[in-house]
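Below: query-v2.cif (mmCIF, N, CA and C atoms)
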```
data_data
loop_
_atom_site.label_atom_id
_atom_site.label_comp_id
_atom_site.auth_asym_id
_atom_site.auth_seq_id
_atom_site.Cartn_x
_atom_site.Cartn_y
_atom_site.Cartn_z
N MET A 1 120.80 99.45 100.33
CA MET A 1 121.19 99.79 98.98
C MET A 1 120.24 99.11 98.00
N LYS A 2 119.67 99.90 97.09
CA LYS A 2 118.72 99.36 96.12
C LYS A 2 119.40 99.18 94.76
N PHE A 3 119.34 97.94 94.27
CA PHE A 3 119.91 97.59 92.97
C PHE A 3 118.83 97.56 91.91
N LEU A 4 119.20 97.95 90.70
CA LEU A 4 118.36 97.75 89.52
C LEU A 4 119.10 96.76 88.63
N VAL A 5 118.47 95.59 88.41
CA VAL A 5 119.06 94.53 87.60
C VAL A 5 118.38 94.56 86.24
N VAL A 6 119.16 94.81 85.18
CA VAL A 6 118.62 95.02 83.84
C VAL A 6 119.16 93.93 82.91
N ASP A 7 118.26 93.08 82.41
CA ASP A 7 118.64 92.03 81.47
C ASP A 7 117.37 91.55 80.80
N ASP A 8 117.45 91.27 79.50
CA ASP A 8 116.26 90.80 78.80
C ASP A 8 115.96 89.34 79.11
N SER A 9 116.88 88.64 79.75
CA SER A 9 116.67 87.25 80.13
C SER A 9 116.20 87.17 81.59
N PRO A 10 114.95 86.70 81.81
CA PRO A 10 114.47 86.54 83.19
C PRO A 10 115.37 85.60 83.99
N THR A 11 115.92 84.58 83.33
CA THR A 11 116.80 83.64 84.01
C THR A 11 118.06 84.33 84.50
N MET A 12 118.65 85.17 83.66
CA MET A 12 119.87 85.88 84.06
C MET A 12 119.57 86.88 85.17
N ARG A 13 118.42 87.56 85.10
CA ARG A 13 118.05 88.47 86.20
C ARG A 13 117.96 87.69 87.51
N ARG A 14 117.37 86.51 87.46
CA ARG A 14 117.22 85.66 88.64
C ARG A 14 118.59 85.25 89.18
N ILE A 15 119.53 84.89 88.29
CA ILE A 15 120.88 84.49 88.71
C ILE A 15 121.57 85.66 89.42
N VAL A 16 121.47 86.85 88.84
CA VAL A 16 122.11 88.03 89.46
C VAL A 16 121.46 88.33 90.81
N ILE A 17 120.13 88.30 90.86
CA ILE A 17 119.42 88.60 92.11
C ILE A 17 119.75 87.57 93.18
N ASN A 18 119.81 86.30 92.81
CA ASN A 18 120.17 85.26 93.79
C ASN A 18 121.60 85.48 94.30
N ALA A 19 122.50 85.88 93.42
CA ALA A 19 123.87 86.18 93.85
C ALA A 19 123.86 87.37 94.82
N LEU A 20 123.09 88.40 94.50
CA LEU A 20 122.99 89.56 95.40
C LEU A 20 122.43 89.15 96.76
N LYS A 21 121.41 88.31 96.76
CA LYS A 21 120.83 87.82 98.03
C LYS A 21 121.89 87.10 98.85
N ASN A 22 122.68 86.25 98.18
CA ASN A 22 123.73 85.51 98.87
C ASN A 22 124.82 86.43 99.42
N LEU A 23 124.95 87.61 98.82
CA LEU A 23 125.93 88.59 99.30
C LEU A 23 125.35 89.49 100.40
N GLY A 24 124.07 89.28 100.74
CA GLY A 24 123.46 90.04 101.82
C GLY A 24 122.63 91.23 101.37
N TYR A 25 122.48 91.42 100.08
CA TYR A 25 121.64 92.50 99.58
C TYR A 25 120.22 91.98 99.38
N ASP A 26 119.24 92.81 99.71
CA ASP A 26 117.86 92.31 99.61
C ASP A 26 116.89 93.33 99.02
N ASP A 27 117.41 94.38 98.42
CA ASP A 27 116.55 95.42 97.86
C ASP A 27 116.91 95.61 96.39
N PHE A 28 116.04 95.14 95.50
CA PHE A 28 116.31 95.26 94.07
C PHE A 28 115.04 95.33 93.26
N LEU A 29 115.18 95.95 92.11
CA LEU A 29 114.12 96.00 91.12
C LEU A 29 114.69 95.42 89.83
N GLU A 30 113.80 95.07 88.91
CA GLU A 30 114.23 94.47 87.66
C GLU A 30 113.69 95.27 86.49
N ALA A 31 114.44 95.21 85.38
CA ALA A 31 113.99 95.79 84.12
C ALA A 31 114.46 94.87 83.00
N SER A 32 113.67 94.78 81.93
CA SER A 32 113.99 93.85 80.85
C SER A 32 114.74 94.50 79.69
N ASP A 33 114.90 95.83 79.73
CA ASP A 33 115.70 96.53 78.73
C ASP A 33 116.02 97.93 79.23
N GLY A 34 116.80 98.67 78.44
CA GLY A 34 117.22 99.99 78.86
C GLY A 34 116.09 100.99 79.00
N ILE A 35 115.06 100.87 78.16
CA ILE A 35 113.92 101.79 78.24
C ILE A 35 113.20 101.62 79.58
N GLU A 36 112.93 100.37 79.93
CA GLU A 36 112.28 100.08 81.21
C GLU A 36 113.17 100.52 82.37
N ALA A 37 114.48 100.34 82.22
CA ALA A 37 115.42 100.76 83.27
C ALA A 37 115.38 102.27 83.47
N MET A 38 115.35 103.03 82.37
CA MET A 38 115.28 104.49 82.48
C MET A 38 114.00 104.93 83.18
N GLU A 39 112.88 104.28 82.86
CA GLU A 39 111.62 104.60 83.53
C GLU A 39 111.72 104.33 85.03
N THR A 40 112.36 103.22 85.39
CA THR A 40 112.54 102.88 86.80
C THR A 40 113.45 103.90 87.49
N LEU A 41 114.53 104.28 86.83
CA LEU A 41 115.44 105.27 87.42
C LEU A 41 114.74 106.60 87.67
N ARG A 42 113.81 106.95 86.81
CA ARG A 42 113.09 108.22 86.97
C ARG A 42 112.04 108.17 88.09
N SER A 43 111.59 106.96 88.44
CA SER A 43 110.51 106.84 89.41
C SER A 43 110.94 106.26 90.77
N GLU A 44 112.13 105.71 90.84
CA GLU A 44 112.60 105.07 92.06
C GLU A 44 113.98 105.61 92.45
N LYS A 45 114.31 105.50 93.72
CA LYS A 45 115.66 105.85 94.19
C LYS A 45 116.52 104.60 94.05
N ILE A 46 117.36 104.58 93.03
CA ILE A 46 118.23 103.44 92.75
C ILE A 46 119.66 103.82 93.14
N ASP A 47 120.36 102.90 93.80
CA ASP A 47 121.72 103.17 94.25
C ASP A 47 122.79 102.52 93.37
N PHE A 48 122.41 101.50 92.59
CA PHE A 48 123.40 100.73 91.85
C PHE A 48 122.70 100.02 90.70
N VAL A 49 123.27 100.09 89.49
CA VAL A 49 122.70 99.42 88.31
C VAL A 49 123.63 98.30 87.87
N ILE A 50 123.04 97.12 87.65
CA ILE A 50 123.75 96.00 87.04
C ILE A 50 123.03 95.72 85.74
N THR A 51 123.72 95.86 84.62
CA THR A 51 123.05 95.74 83.33
C THR A 51 123.78 94.83 82.36
N ASP A 52 122.99 94.14 81.55
CA ASP A 52 123.50 93.41 80.41
C ASP A 52 123.79 94.42 79.31
N TRP A 53 124.54 94.02 78.30
CA TRP A 53 124.80 94.88 77.14
C TRP A 53 123.75 94.61 76.07
N ASN A 54 123.62 93.35 75.67
CA ASN A 54 122.78 92.97 74.53
C ASN A 54 121.32 92.82 74.95
N MET A 55 120.52 93.83 74.63
CA MET A 55 119.09 93.81 74.93
C MET A 55 118.35 94.50 73.80
N PRO A 56 117.08 94.13 73.59
CA PRO A 56 116.28 94.83 72.58
C PRO A 56 115.90 96.23 73.07
N ASN A 57 115.43 97.03 72.15
CA ASN A 57 114.90 98.39 72.42
C ASN A 57 115.97 99.40 72.82
N MET A 58 116.71 99.13 73.90
CA MET A 58 117.82 99.99 74.31
C MET A 58 118.86 99.09 74.98
N SER A 59 120.06 99.07 74.40
CA SER A 59 121.12 98.20 74.93
C SER A 59 121.66 98.74 76.25
N GLY A 60 122.45 97.93 76.90
CA GLY A 60 123.09 98.36 78.14
C GLY A 60 124.08 99.49 77.91
N LEU A 61 124.73 99.49 76.74
CA LEU A 61 125.64 100.59 76.42
C LEU A 61 124.85 101.89 76.24
N GLU A 62 123.73 101.83 75.53
CA GLU A 62 122.87 103.02 75.36
C GLU A 62 122.29 103.45 76.71
N LEU A 63 121.93 102.50 77.54
CA LEU A 63 121.43 102.81 78.89
C LEU A 63 122.50 103.57 79.66
N THR A 64 123.72 103.07 79.64
CA THR A 64 124.82 103.73 80.35
C THR A 64 125.00 105.16 79.85
N GLN A 65 124.98 105.35 78.54
CA GLN A 65 125.14 106.69 77.97
C GLN A 65 124.00 107.61 78.41
N ASN A 66 122.77 107.09 78.43
CA ASN A 66 121.63 107.90 78.87
C ASN A 66 121.72 108.25 80.35
N VAL A 67 122.11 107.29 81.17
CA VAL A 67 122.25 107.55 82.61
C VAL A 67 123.31 108.61 82.84
N ARG A 68 124.45 108.48 82.18
CA ARG A 68 125.56 109.42 82.40
C ARG A 68 125.22 110.84 81.95
N GLN A 69 124.27 110.98 81.03
CA GLN A 69 123.88 112.32 80.54
C GLN A 69 122.81 112.97 81.42
N ASP A 70 122.25 112.23 82.36
CA ASP A 70 121.16 112.76 83.18
C ASP A 70 121.70 113.28 84.51
N PRO A 71 121.56 114.56 84.79
CA PRO A 71 122.10 115.12 86.03
C PRO A 71 121.42 114.57 87.29
N ASN A 72 120.22 114.01 87.15
CA ASN A 72 119.52 113.50 88.33
C ASN A 72 120.11 112.20 88.86
N PHE A 73 120.67 111.40 87.99
CA PHE A 73 121.24 110.12 88.45
C PHE A 73 122.48 109.71 87.67
N GLY A 74 123.17 110.68 87.12
CA GLY A 74 124.35 110.40 86.30
C GLY A 74 125.52 109.79 87.04
N ASN A 75 125.52 109.85 88.37
CA ASN A 75 126.63 109.32 89.15
C ASN A 75 126.36 107.95 89.74
N ILE A 76 125.24 107.34 89.40
CA ILE A 76 124.92 106.01 89.92
C ILE A 76 125.95 105.01 89.40
N PRO A 77 126.48 104.16 90.28
CA PRO A 77 127.41 103.13 89.82
C PRO A 77 126.73 102.16 88.84
N ILE A 78 127.46 101.80 87.78
CA ILE A 78 126.94 100.86 86.78
C ILE A 78 127.96 99.75 86.59
N LEU A 79 127.49 98.51 86.78
CA LEU A 79 128.29 97.33 86.52
C LEU A 79 127.69 96.63 85.32
N MET A 80 128.49 96.46 84.26
CA MET A 80 128.00 95.77 83.08
C MET A 80 128.37 94.30 83.18
N VAL A 81 127.36 93.44 83.02
CA VAL A 81 127.54 91.99 83.06
C VAL A 81 127.09 91.46 81.71
N THR A 82 128.03 90.94 80.90
CA THR A 82 127.72 90.64 79.51
C THR A 82 128.56 89.49 78.97
N THR A 83 128.13 88.94 77.87
CA THR A 83 128.91 87.92 77.17
C THR A 83 129.98 88.55 76.29
N ARG A 84 129.92 89.86 76.11
CA ARG A 84 130.86 90.55 75.22
C ARG A 84 132.20 90.74 75.92
N GLY A 85 133.16 89.89 75.57
CA GLY A 85 134.43 89.91 76.26
C GLY A 85 135.60 90.42 75.43
N LEU A 86 135.33 90.90 74.23
CA LEU A 86 136.41 91.43 73.40
C LEU A 86 136.95 92.73 73.99
N LYS A 87 138.25 92.93 73.85
CA LYS A 87 138.89 94.13 74.40
C LYS A 87 138.21 95.40 73.89
N GLN A 88 137.87 95.43 72.59
CA GLN A 88 137.24 96.64 72.04
C GLN A 88 135.87 96.91 72.67
N ASP A 89 135.15 95.84 73.05
CA ASP A 89 133.86 96.02 73.73
C ASP A 89 134.07 96.61 75.13
N ILE A 90 135.06 96.09 75.83
CA ILE A 90 135.35 96.58 77.18
C ILE A 90 135.77 98.05 77.12
N VAL A 91 136.61 98.39 76.15
CA VAL A 91 137.04 99.78 75.98
C VAL A 91 135.84 100.68 75.68
N GLU A 92 134.94 100.22 74.80
CA GLU A 92 133.76 101.01 74.46
C GLU A 92 132.87 101.22 75.70
N ALA A 93 132.71 100.18 76.50
CA ALA A 93 131.89 100.31 77.72
C ALA A 93 132.56 101.28 78.71
N LEU A 94 133.85 101.20 78.85
CA LEU A 94 134.55 102.10 79.76
C LEU A 94 134.48 103.55 79.27
N LYS A 95 134.52 103.74 77.95
CA LYS A 95 134.36 105.09 77.40
C LYS A 95 132.97 105.64 77.71
N ALA A 96 131.97 104.75 77.76
CA ALA A 96 130.60 105.16 78.11
C ALA A 96 130.48 105.41 79.62
N ARG A 97 131.54 105.07 80.35
CA ARG A 97 131.67 105.30 81.80
C ARG A 97 130.92 104.29 82.66
N VAL A 98 130.95 103.01 82.26
CA VAL A 98 130.54 101.99 83.23
C VAL A 98 131.62 101.98 84.30
N ASN A 99 131.26 101.60 85.52
CA ASN A 99 132.23 101.59 86.61
C ASN A 99 133.09 100.32 86.62
N ASN A 100 132.50 99.23 86.10
CA ASN A 100 133.25 97.99 86.01
C ASN A 100 132.53 97.06 85.06
N TYR A 101 133.14 95.90 84.80
CA TYR A 101 132.70 95.05 83.69
C TYR A 101 132.92 93.59 84.09
N VAL A 102 131.90 92.75 83.91
CA VAL A 102 132.01 91.32 84.19
C VAL A 102 131.58 90.57 82.95
N VAL A 103 132.40 89.58 82.55
CA VAL A 103 132.05 88.75 81.39
C VAL A 103 131.36 87.48 81.89
N LYS A 104 130.19 87.18 81.28
CA LYS A 104 129.46 85.95 81.60
C LYS A 104 130.19 84.77 80.98
N PRO A 105 130.14 83.61 81.59
CA PRO A 105 129.55 83.33 82.90
C PRO A 105 130.45 83.86 84.03
N PHE A 106 129.86 84.10 85.17
CA PHE A 106 130.59 84.64 86.31
C PHE A 106 130.17 83.89 87.57
N THR A 107 130.97 84.02 88.61
CA THR A 107 130.63 83.43 89.90
C THR A 107 130.12 84.53 90.83
N PRO A 108 129.37 84.16 91.85
CA PRO A 108 128.95 85.18 92.84
C PRO A 108 130.15 85.90 93.45
N GLN A 109 131.28 85.20 93.61
CA GLN A 109 132.48 85.82 94.18
C GLN A 109 132.99 86.94 93.28
N ILE A 110 132.99 86.71 91.97
CA ILE A 110 133.43 87.76 91.03
C ILE A 110 132.48 88.96 91.11
N LEU A 111 131.18 88.68 91.17
CA LEU A 111 130.19 89.77 91.29
C LEU A 111 130.47 90.57 92.56
N LYS A 112 130.70 89.88 93.66
CA LYS A 112 130.99 90.54 94.94
C LYS A 112 132.23 91.41 94.82
N GLU A 113 133.30 90.86 94.23
CA GLU A 113 134.55 91.62 94.10
C GLU A 113 134.34 92.89 93.28
N LYS A 114 133.61 92.80 92.19
CA LYS A 114 133.38 93.96 91.33
C LYS A 114 132.53 95.01 92.05
N ILE A 115 131.48 94.57 92.76
CA ILE A 115 130.64 95.51 93.51
C ILE A 115 131.47 96.20 94.60
N ASP A 116 132.26 95.41 95.32
CA ASP A 116 133.10 95.98 96.39
C ASP A 116 134.08 97.01 95.83
N ILE A 117 134.70 96.71 94.69
CA ILE A 117 135.64 97.65 94.07
C ILE A 117 134.93 98.97 93.74
N ILE A 118 133.75 98.86 93.16
CA ILE A 118 132.99 100.06 92.78
C ILE A 118 132.60 100.87 94.00
N LEU A 119 132.14 100.20 95.06
CA LEU A 119 131.67 100.90 96.25
C LEU A 119 132.80 101.55 97.04
N LYS A 120 134.00 101.03 96.90
CA LYS A 120 135.16 101.60 97.62
C LYS A 120 135.71 102.84 96.95
N LYS A 121 135.38 103.06 95.66
CA LYS A 121 135.93 104.21 94.93
C LYS A 121 135.29 105.50 95.40
#
```
Could you spell out this file's structure in structure tokens?
Amino acid sequence: MKFLVVDDSPTMRRIVINALKNLGYDDFLEASDGIEAMETLRSEKIDFVITDWNMPNMSGLELTQNVRQDPNFGNIPILMVTTRGLKQDIVEALKARVNNYVVKPFTPQILKEKIDIILKK
């Protein structure tokens, strides 16, 4: 399974990737914003997207909306990992059709649980 980890913070991308490695996943690509993520989705076979919300150029919410509108990869699972923990933010992300939502900071166990929930659906 190939993951695309999207975050404007290289440190946060590293944290997510290290958590994925600890969970036994070893195939991932990185993008620093939604625009770069869309380019990667168009050129690579991606199975799962983990994205931040707050990014320059194209936010994670805009990325989710763009992915969902594209028939080529509109069904890819999307997990949003963000500092935005307000109920209205979560509702907005769910309306954009993210598959699940994690508020930072998080543990690798929480990441695993959210990924497992998404993959079982």
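Minimum atom-to-atom distance to A:Asn75, evaluated using all atoms listed in the file, belongs to A:Asp47 out of A:Gln88, A:Lys95, A:Asn57, A:Asp47.
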Please extract the residues of chain A with a backbone DSSP assignment of alpha helix (DSSP H) and present them as a tab-separated table (two decimals) with N, CA and C atoms, keeping the file's coordinate frame.
```
chain	number	residue	atom	x	y	z
A	10	PRO	N	114.95	86.70	81.81
A	10	PRO	CA	114.47	86.54	83.19
A	10	PRO	C	115.37	85.60	83.99
A	11	THR	N	115.92	84.58	83.33
A	11	THR	CA	116.80	83.64	84.01
A	11	THR	C	118.06	84.33	84.50
A	12	MET	N	118.65	85.17	83.66
A	12	MET	CA	119.87	85.88	84.06
A	12	MET	C	119.57	86.88	85.17
A	13	ARG	N	118.42	87.56	85.10
A	13	ARG	CA	118.05	88.47	86.20
A	13	ARG	C	117.96	87.69	87.51
A	14	ARG	N	117.37	86.51	87.46
A	14	ARG	CA	117.22	85.66	88.64
A	14	ARG	C	118.59	85.25	89.18
A	15	ILE	N	119.53	84.89	88.29
A	15	ILE	CA	120.88	84.49	88.71
A	15	ILE	C	121.57	85.66	89.42
A	16	VAL	N	121.47	86.85	88.84
A	16	VAL	CA	122.11	88.03	89.46
A	16	VAL	C	121.46	88.33	90.81
A	17	ILE	N	120.13	88.30	90.86
A	17	ILE	CA	119.42	88.60	92.11
A	17	ILE	C	119.75	87.57	93.18
A	18	ASN	N	119.81	86.30	92.81
A	18	ASN	CA	120.17	85.26	93.79
A	18	ASN	C	121.60	85.48	94.30
A	19	ALA	N	122.50	85.88	93.42
A	19	ALA	CA	123.87	86.18	93.85
A	19	ALA	C	123.86	87.37	94.82
A	20	LEU	N	123.09	88.40	94.50
A	20	LEU	CA	122.99	89.56	95.40
A	20	LEU	C	122.43	89.15	96.76
A	21	LYS	N	121.41	88.31	96.76
A	21	LYS	CA	120.83	87.82	98.03
A	21	LYS	C	121.89	87.10	98.85
A	22	ASN	N	122.68	86.25	98.18
A	22	ASN	CA	123.73	85.51	98.87
A	22	ASN	C	124.82	86.43	99.42
A	34	GLY	N	116.80	98.67	78.44
A	34	GLY	CA	117.22	99.99	78.86
A	34	GLY	C	116.09	100.99	79.00
A	35	ILE	N	115.06	100.87	78.16
A	35	ILE	CA	113.92	101.79	78.24
A	35	ILE	C	113.20	101.62	79.58
A	36	GLU	N	112.93	100.37	79.93
A	36	GLU	CA	112.28	100.08	81.21
A	36	GLU	C	113.17	100.52	82.37
A	37	ALA	N	114.48	100.34	82.22
A	37	ALA	CA	115.42	100.76	83.27
A	37	ALA	C	115.38	102.27	83.47
A	38	MET	N	115.35	103.03	82.37
A	38	MET	CA	115.28	104.49	82.48
A	38	MET	C	114.00	104.93	83.18
A	39	GLU	N	112.88	104.28	82.86
A	39	GLU	CA	111.62	104.60	83.53
A	39	GLU	C	111.72	104.33	85.03
A	40	THR	N	112.36	103.22	85.39
A	40	THR	CA	112.54	102.88	86.80
A	40	THR	C	113.45	103.90	87.49
A	41	LEU	N	114.53	104.28	86.83
A	41	LEU	CA	115.44	105.27	87.42
A	41	LEU	C	114.74	106.60	87.67
A	42	ARG	N	113.81	106.95	86.81
A	42	ARG	CA	113.09	108.22	86.97
A	42	ARG	C	112.04	108.17	88.09
A	43	SER	N	111.59	106.96	88.44
A	43	SER	CA	110.51	106.84	89.41
A	43	SER	C	110.94	106.26	90.77
A	60	GLY	N	122.45	97.93	76.90
A	60	GLY	CA	123.09	98.36	78.14
A	60	GLY	C	124.08	99.49	77.91
A	61	LEU	N	124.73	99.49	76.74
A	61	LEU	CA	125.64	100.59	76.42
A	61	LEU	C	124.85	101.89	76.24
A	62	GLU	N	123.73	101.83	75.53
A	62	GLU	CA	122.87	103.02	75.36
A	62	GLU	C	122.29	103.45	76.71
A	63	LEU	N	121.93	102.50	77.54
A	63	LEU	CA	121.43	102.81	78.89
A	63	LEU	C	122.50	103.57	79.66
A	64	THR	N	123.72	103.07	79.64
A	64	THR	CA	124.82	103.73	80.35
A	64	THR	C	125.00	105.16	79.85
A	65	GLN	N	124.98	105.35	78.54
A	65	GLN	CA	125.14	106.69	77.97
A	65	GLN	C	124.00	107.61	78.41
A	66	ASN	N	122.77	107.09	78.43
A	66	ASN	CA	121.63	107.90	78.87
A	66	ASN	C	121.72	108.25	80.35
A	67	VAL	N	122.11	107.29	81.17
A	67	VAL	CA	122.25	107.55	82.61
A	67	VAL	C	123.31	108.61	82.84
A	68	ARG	N	124.45	108.48	82.18
A	68	ARG	CA	125.56	109.42	82.40
A	68	ARG	C	125.22	110.84	81.95
A	69	GLN	N	124.27	110.98	81.03
A	69	GLN	CA	123.88	112.32	80.54
A	69	GLN	C	122.81	112.97	81.42
A	87	LYS	N	138.25	92.93	73.85
A	87	LYS	CA	138.89	94.13	74.40
A	87	LYS	C	138.21	95.40	73.89
A	88	GLN	N	137.87	95.43	72.59
A	88	GLN	CA	137.24	96.64	72.04
A	88	GLN	C	135.87	96.91	72.67
A	89	ASP	N	135.15	95.84	73.05
A	89	ASP	CA	133.86	96.02	73.73
A	89	ASP	C	134.07	96.61	75.13
A	90	ILE	N	135.06	96.09	75.83
A	90	ILE	CA	135.35	96.58	77.18
A	90	ILE	C	135.77	98.05	77.12
A	91	VAL	N	136.61	98.39	76.15
A	91	VAL	CA	137.04	99.78	75.98
A	91	VAL	C	135.84	100.68	75.68
A	92	GLU	N	134.94	100.22	74.80
A	92	GLU	CA	133.76	101.01	74.46
A	92	GLU	C	132.87	101.22	75.70
A	93	ALA	N	132.71	100.18	76.50
A	93	ALA	CA	131.89	100.31	77.72
A	93	ALA	C	132.56	101.28	78.71
A	94	LEU	N	133.85	101.20	78.85
A	94	LEU	CA	134.55	102.10	79.76
A	94	LEU	C	134.48	103.55	79.27
A	95	LYS	N	134.52	103.74	77.95
A	95	LYS	CA	134.36	105.09	77.40
A	95	LYS	C	132.97	105.64	77.71
A	108	PRO	N	129.37	84.16	91.85
A	108	PRO	CA	128.95	85.18	92.84
A	108	PRO	C	130.15	85.90	93.45
A	109	GLN	N	131.28	85.20	93.61
A	109	GLN	CA	132.48	85.82	94.18
A	109	GLN	C	132.99	86.94	93.28
A	110	ILE	N	132.99	86.71	91.97
A	110	ILE	CA	133.43	87.76	91.03
A	110	ILE	C	132.48	88.96	91.11
A	111	LEU	N	131.18	88.68	91.17
A	111	LEU	CA	130.19	89.77	91.29
A	111	LEU	C	130.47	90.57	92.56
A	112	LYS	N	130.70	89.88	93.66
A	112	LYS	CA	130.99	90.54	94.94
A	112	LYS	C	132.23	91.41	94.82
A	113	GLU	N	133.30	90.86	94.23
A	113	GLU	CA	134.55	91.62	94.10
A	113	GLU	C	134.34	92.89	93.28
A	114	LYS	N	133.61	92.80	92.19
A	114	LYS	CA	133.38	93.96	91.33
A	114	LYS	C	132.53	95.01	92.05
A	115	ILE	N	131.48	94.57	92.76
A	115	ILE	CA	130.64	95.51	93.51
A	115	ILE	C	131.47	96.20	94.60
A	116	ASP	N	132.26	95.41	95.32
A	116	ASP	CA	133.10	95.98	96.39
A	116	ASP	C	134.08	97.01	95.83
A	117	ILE	N	134.70	96.71	94.69
A	117	ILE	CA	135.64	97.65	94.07
A	117	ILE	C	134.93	98.97	93.74
A	118	ILE	N	133.75	98.86	93.16
A	118	ILE	CA	132.99	100.06	92.78
A	118	ILE	C	132.60	100.87	94.00
A	119	LEU	N	132.14	100.20	95.06
A	119	LEU	CA	131.67	100.90	96.25
A	119	LEU	C	132.80	101.55	97.04
A	120	LYS	N	134.00	101.03	96.90
A	120	LYS	CA	135.16	101.60	97.62
A	120	LYS	C	135.71	102.84	96.95
```
Mind dumping a table of every stretch 32-109 of chain A residue within 9 Å of stretch 16-24 of chain A, with the nearest atom pair and its distance in Å to one decimal, using only C-alpha atoms, sorted by chain and rising number, as a tab-separated table?
```
residue	atom	partner	partner_atom	distance
A:Ile50	CA	A:Val16	CA	8.5
A:Thr107	CA	A:Ala19	CA	8.3
A:Pro108	CA	A:Ala19	CA	5.3
A:Gln109	CA	A:Ala19	CA	8.6
```
Inset, instruction - Using the chain letters and numbering of this document, enumerate as a PyMOL selection string the residues selected by the PyMOL selection byres (((chain A and resi 73 and name CA) around 12) and name CA). - result: chain A and resi 38+40-49+64-72+74-78
Inset, instruction - Report the residues retrieved by the PyMOL selection byres ((chain A and resi 30) around 6) from the displayed file, expressed as a ChimeraX atom specification. - result: /A:4-6,28-29,31-32
Can you tell me, as a tab-separated table (two decimals) with N, CA and C atoms, in the frame of the given file, what residues are no more than 6 Å from A:Thr51 when counting only N, CA and C atoms, ignoring any on the same chain fewer than 2 positions away?
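Once written, out.tsv looks like this:
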```tsv
chain	number	residue	atom	x	y	z
A	5	VAL	N	118.47	95.59	88.41
A	5	VAL	CA	119.06	94.53	87.60
A	5	VAL	C	118.38	94.56	86.24
A	6	VAL	N	119.16	94.81	85.18
A	6	VAL	CA	118.62	95.02	83.84
A	6	VAL	C	119.16	93.93	82.91
A	7	ASP	N	118.26	93.08	82.41
A	7	ASP	CA	118.64	92.03	81.47
A	7	ASP	C	117.37	91.55	80.80
A	49	VAL	N	123.27	100.09	89.49
A	49	VAL	CA	122.70	99.42	88.31
A	49	VAL	C	123.63	98.30	87.87
A	53	TRP	N	124.54	94.02	78.30
A	53	TRP	CA	124.80	94.88	77.14
A	53	TRP	C	123.75	94.61	76.07
A	60	GLY	N	122.45	97.93	76.90
A	60	GLY	CA	123.09	98.36	78.14
A	60	GLY	C	124.08	99.49	77.91
A	79	LEU	N	127.49	98.51	86.78
A	79	LEU	CA	128.29	97.33	86.52
A	79	LEU	C	127.69	96.63	85.32
A	80	MET	N	128.49	96.46	84.26
A	80	MET	CA	128.00	95.77	83.08
A	80	MET	C	128.37	94.30	83.18
A	81	VAL	N	127.36	93.44	83.02
A	81	VAL	CA	127.54	91.99	83.06
A	81	VAL	C	127.09	91.46	81.71
A	82	THR	N	128.03	90.94	80.90
A	82	THR	CA	127.72	90.64	79.51
A	82	THR	C	128.56	89.49	78.97
```
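Of note, atom C of A:Ser59 and atom CA of A:Gly34 are spaced 5.3 Å apart.
Shortest atom-to-atom contact with A:Asp52 among A:Lys87, A:Leu94, A:Asp8, A:Glu36: A:Asp8, counting only N, CA and C atoms.
Take the candidates A:Met55, A:Leu111, A:Met12, A:Leu61 and check each one against A:Ala96 using only N, CA and C atoms; the shortest distance goes to A:Leu61.
The two atoms in question, atom CA of A:Gly85 and atom N of A:Asn54, are spaced 11.4 Å apart.
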Legend entry - Close residues, A:Thr83 itself excluded, 6.5 Å, all atoms listed in the file, min 4 positions apart in chain, as number ranges by chain: A: 53, 102-105
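Picture a line from atom CA of A:Leu119 to atom N of A:Tyr25; it runs 13.7 Å.
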Legend entry - In chain A, DSSP strand (DSSP E) residues written as JSON, numbers by chain: {"A": [2, 3, 4, 5, 6, 27, 28, 29, 30, 31, 48, 49, 50, 51, 78, 79, 80, 81, 82, 100, 101, 102, 103]}
